[in-house]
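Since the structure comes first, as structure tokens, the remarks are kept for the end.
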Amino acid sequence: MNTIYRKGPLPRYYQLKEIMREKISNRDWLPGQLIPSERELSEQYGMSRMTARQAITELVNEGLFYREQGKGTFVSRHKITQQLLHLTGFTEDIRARGQRPSTRVLSMSMSPADEKTADYLRIKPGQLVFTLQRLRLADDEPLAIEVSHLNFIGCEKLLEEDLEQHSLYQLLETKYGMLLLEAEQELEAGLISSKEAEKLKVPIGSPALYTRRTAYIERNQPIEYARSIYCGHKYVFYTSLKREQ
Ligand code: GLP
């Protein structure tokens, strides 16, 4: 199917969607490839730009395409499957997939904990915490923004570390002797805000996955409370469930 039938029962935007779907499944259009613009598609298939836009927008909403501000629309790459079975860090996860992790530190500070953070870290409000905000990338593609709060006691030296070159979990475990034991994690659906969109290079309102993790070094002794925002169209979270006997 490569032509638009004008007299048939199927709306034109729908037919264009099917044509584009086929181009992806035939691998005429490859993951990461820029697709033709609305103008090009409307000229090629003899339809209005609005109709072409509707077809593209629906495939963006279905996750087959993604938009990059100022660049155009691209064919989605295979989603990253993030297991939720073991306690791992971003660097380990990306390396395990054969990709190159990198980090941009957006801010780093030592400040008094607010009530919520103190509660998660089981410390007193006002006690010092180390706060680290990072943009996390794989093969130079931004995937997530993470804000980690760490109980400052024992982590004082983190302020002097180069956290663009080093994994936080690796530093904690190998340099600070803090072995991670377990974590609790919540997942929530959301939308990318304007501030996040700029950093993650996706349009405002794209799907987002929010995670909140409390990682422990001993039972009842949290070391990290982290909030992360993942690009929703790039991730699948996987877990395995056993039925209670
Ligand atoms: C995950 C967690 C974060 C944690 C990070 C550590 O992404 N969501 O809470 O801080 O891993 O990653 P790394 O060891 O690469 O710094």
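Simple scheme: letters A, B, ... for chains in structure tokens order, numbers from 1 for residues in each chain, numbers from 1 for ligands in the order shown.
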
Determine, for each residue of chain A having at least one atom at most 9 Å from an atom of ligand 1, the closest pair of atoms and their separation in Å to one decimal, counting only C-alpha atoms and all ligand atoms; order by chain and ascending number, as JSON lines.
{"residue": "A:Leu87", "atom": "CA", "partner": "ligand 1", "partner_atom_place_in_ligand_line": "1 (C)", "distance": 8.6}
{"residue": "A:Thr88", "atom": "CA", "partner": "ligand 1", "partner_atom_place_in_ligand_line": "11 (O)", "distance": 6.4}
{"residue": "A:Gly89", "atom": "CA", "partner": "ligand 1", "partner_atom_place_in_ligand_line": "11 (O)", "distance": 3.3}
{"residue": "A:Phe90", "atom": "CA", "partner": "ligand 1", "partner_atom_place_in_ligand_line": "15 (O)", "distance": 4.0}
{"residue": "A:Thr91", "atom": "CA", "partner": "ligand 1", "partner_atom_place_in_ligand_line": "15 (O)", "distance": 3.6}
{"residue": "A:Glu92", "atom": "CA", "partner": "ligand 1", "partner_atom_place_in_ligand_line": "15 (O)", "distance": 6.4}
{"residue": "A:Asp93", "atom": "CA", "partner": "ligand 1", "partner_atom_place_in_ligand_line": "15 (O)", "distance": 8.1}
{"residue": "A:Ile94", "atom": "CA", "partner": "ligand 1", "partner_atom_place_in_ligand_line": "15 (O)", "distance": 8.6}
{"residue": "A:Pro101", "atom": "CA", "partner": "ligand 1", "partner_atom_place_in_ligand_line": "15 (O)", "distance": 7.9}
{"residue": "A:Ser102", "atom": "CA", "partner": "ligand 1", "partner_atom_place_in_ligand_line": "15 (O)", "distance": 8.4}
{"residue": "A:Thr103", "atom": "CA", "partner": "ligand 1", "partner_atom_place_in_ligand_line": "15 (O)", "distance": 8.2}
{"residue": "A:Leu132", "atom": "CA", "partner": "ligand 1", "partner_atom_place_in_ligand_line": "10 (O)", "distance": 8.8}
{"residue": "A:Arg134", "atom": "CA", "partner": "ligand 1", "partner_atom_place_in_ligand_line": "16 (O)", "distance": 8.9}
{"residue": "A:Arg136", "atom": "CA", "partner": "ligand 1", "partner_atom_place_in_ligand_line": "7 (O)", "distance": 8.1}
{"residue": "A:Ala144", "atom": "CA", "partner": "ligand 1", "partner_atom_place_in_ligand_line": "7 (O)", "distance": 8.2}
{"residue": "A:Ile145", "atom": "CA", "partner": "ligand 1", "partner_atom_place_in_ligand_line": "7 (O)", "distance": 8.9}
{"residue": "A:Glu146", "atom": "CA", "partner": "ligand 1", "partner_atom_place_in_ligand_line": "3 (C)", "distance": 6.6}
{"residue": "A:Val147", "atom": "CA", "partner": "ligand 1", "partner_atom_place_in_ligand_line": "9 (O)", "distance": 7.6}
{"residue": "A:Ser148", "atom": "CA", "partner": "ligand 1", "partner_atom_place_in_ligand_line": "10 (O)", "distance": 5.8}
{"residue": "A:His149", "atom": "CA", "partner": "ligand 1", "partner_atom_place_in_ligand_line": "10 (O)", "distance": 8.7}
{"residue": "A:Leu163", "atom": "CA", "partner": "ligand 1", "partner_atom_place_in_ligand_line": "16 (O)", "distance": 7.7}
{"residue": "A:Glu164", "atom": "CA", "partner": "ligand 1", "partner_atom_place_in_ligand_line": "16 (O)", "distance": 8.8}
{"residue": "A:His166", "atom": "CA", "partner": "ligand 1", "partner_atom_place_in_ligand_line": "16 (O)", "distance": 6.9}
{"residue": "A:Ser167", "atom": "CA", "partner": "ligand 1", "partner_atom_place_in_ligand_line": "16 (O)", "distance": 3.7}
{"residue": "A:Leu168", "atom": "CA", "partner": "ligand 1", "partner_atom_place_in_ligand_line": "16 (O)", "distance": 3.6}
{"residue": "A:Tyr169", "atom": "CA", "partner": "ligand 1", "partner_atom_place_in_ligand_line": "14 (O)", "distance": 3.8}
{"residue": "A:Gln170", "atom": "CA", "partner": "ligand 1", "partner_atom_place_in_ligand_line": "14 (O)", "distance": 5.7}
{"residue": "A:Leu171", "atom": "CA", "partner": "ligand 1", "partner_atom_place_in_ligand_line": "14 (O)", "distance": 7.8}
{"residue": "A:Leu172", "atom": "CA", "partner": "ligand 1", "partner_atom_place_in_ligand_line": "14 (O)", "distance": 8.6}
{"residue": "A:Gln185", "atom": "CA", "partner": "ligand 1", "partner_atom_place_in_ligand_line": "8 (N)", "distance": 8.7}
{"residue": "A:Thr211", "atom": "CA", "partner": "ligand 1", "partner_atom_place_in_ligand_line": "8 (N)", "distance": 7.1}
{"residue": "A:Arg212", "atom": "CA", "partner": "ligand 1", "partner_atom_place_in_ligand_line": "8 (N)", "distance": 7.5}
{"residue": "A:Arg213", "atom": "CA", "partner": "ligand 1", "partner_atom_place_in_ligand_line": "9 (O)", "distance": 5.8}
{"residue": "A:Thr214", "atom": "CA", "partner": "ligand 1", "partner_atom_place_in_ligand_line": "9 (O)", "distance": 7.6}
{"residue": "A:Ala215", "atom": "CA", "partner": "ligand 1", "partner_atom_place_in_ligand_line": "9 (O)", "distance": 7.5}
{"residue": "A:Glu224", "atom": "CA", "partner": "ligand 1", "partner_atom_place_in_ligand_line": "9 (O)", "distance": 7.0}
{"residue": "A:Tyr225", "atom": "CA", "partner": "ligand 1", "partner_atom_place_in_ligand_line": "9 (O)", "distance": 6.9}
{"residue": "A:Ala226", "atom": "CA", "partner": "ligand 1", "partner_atom_place_in_ligand_line": "9 (O)", "distance": 4.7}
{"residue": "A:Arg227", "atom": "CA", "partner": "ligand 1", "partner_atom_place_in_ligand_line": "9 (O)", "distance": 6.8}
{"residue": "A:Ser228", "atom": "CA", "partner": "ligand 1", "partner_atom_place_in_ligand_line": "8 (N)", "distance": 6.0}
{"residue": "A:Ile229", "atom": "CA", "partner": "ligand 1", "partner_atom_place_in_ligand_line": "8 (N)", "distance": 8.9}

Between region 101-208 of chain A and region 60-84 of chain A, at 8 Å or less, what are the per-residue closest atom pairs and their distances in Å? Count only C-alpha atoms, order by chain and rising residue number, and return it as CSV.
residue,atom,partner,partner_atom,distance
A:Lys201,CA,A:Glu68,CA,6.0
A:Val202,CA,A:Glu68,CA,5.2
A:Pro203,CA,A:Gln69,CA,6.1

Selected residues written out, N, CA and C atoms, as a PDB file, in the first residue's frame:
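Dumped to again34.pdb:
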ATOM      1  N   LYS A 201      15.459  17.510  25.632  1.00  0.00           N
ATOM      2  CA  LYS A 201      15.328  17.716  24.181  1.00  0.00           C
ATOM      3  C   LYS A 201      14.111  17.002  23.601  1.00  0.00           C
ATOM      4  N   VAL A 202      12.994  17.138  24.306  1.00  0.00           N
ATOM      5  CA  VAL A 202      11.721  16.589  23.807  1.00  0.00           C
ATOM      6  C   VAL A 202      10.670  17.693  23.929  1.00  0.00           C
ATOM      7  N   PRO A 203       9.565  17.606  23.194  1.00  0.00           N
ATOM      8  CA  PRO A 203       8.555  18.652  23.321  1.00  0.00           C
ATOM      9  C   PRO A 203       7.886  18.659  24.695  1.00  0.00           C
TER      10      PRO A 203
END

For this session: Would you mind telling me which residue in A:Ala52, A:Ile223, A:Leu34, A:Ala208 lies nearest to Val236 (chain A) when using only C-alpha atoms?
Result: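 Closest residue, counting only C-alpha atoms: A:Ala208.
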
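For Arg219 (chain A), the non-local neighbours within 12 Å, defined as residues at least 2 positions apart in the same chain or in other chains and counting only C-alpha atoms, are Arg122, Leu179, Leu180, Leu181, Glu182, Ala183, Glu184, Thr214, Ala215, Tyr216, Ile217, Gln221, Pro222 and Ile223 of chain A.
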
Problem set entry | Backbone-only DSSP, strand (DSSP E or B) members of region 91-242 of chain A, as a PyMOL selection string | chain A and resi 101-112+128-138+141-151+182-191+207-218+221-231+235-238

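Counting only C-alpha atoms and comparing A:Leu16, A:Ile35, A:Leu150, A:Leu158, the residue that lies closest to Ser48 (chain A) is A:Leu16.
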
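Of the residues listed (A:Leu10, A:Ile19, A:Leu159, A:Leu200), A:Leu200 shows the shortest atom-to-atom separation from Lys234 (chain A); distances use only C-alpha atoms.
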
Exercise. Which is closer to Lys199 (chain A) than all the others in A:Gln133, A:Gln15, A:Gln245, A:Asn151, using only C-alpha atoms?
Worked result: A:Gln133

Exercise. Can you list, as a list of chain:residue names, every protein, DNA or RNA residue that comes within 8 Å of Gln99 (chain A) when you count only C-alpha atoms, leaving out same-chain residues fewer than 3 positions away?
Worked result: A:Ile94, A:Arg95, A:Ala96, A:Ala138, A:Asp139

Please dump the current selection as a short mmCIF file (atom, residue, chain, number, x, y, z; two decimals), in the first residue's frame; keep C-alpha atoms.
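What landed in out.cif:
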data_model
loop_
_atom_site.label_atom_id
_atom_site.label_comp_id
_atom_site.auth_asym_id
_atom_site.auth_seq_id
_atom_site.Cartn_x
_atom_site.Cartn_y
_atom_site.Cartn_z
CA ILE A 94 23.49 1.61 30.28
CA ARG A 95 26.80 -0.27 30.07
CA ALA A 96 24.99 -3.59 30.37
CA ALA A 138 23.21 7.15 26.75
CA ASP A 139 25.25 7.48 23.54
#

Exercise. Which residue gives the smallest distance to Tyr176 (chain A) among A:Leu135, A:Ile123, A:Ile192, A:Ile153, with only C-alpha atoms counted?
Worked result: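 Looking at the shortest contact to Tyr176 (chain A), the residue is A:Ile153.
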
Exercise. Restricting the calculation to only C-alpha atoms, which member of A:Leu187, A:Cys155, A:Leu41, A:Met178 is positioned closest to Ile56 (chain A)?
Worked result: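 So, comparing all the options, the nearest one is A:Leu41.
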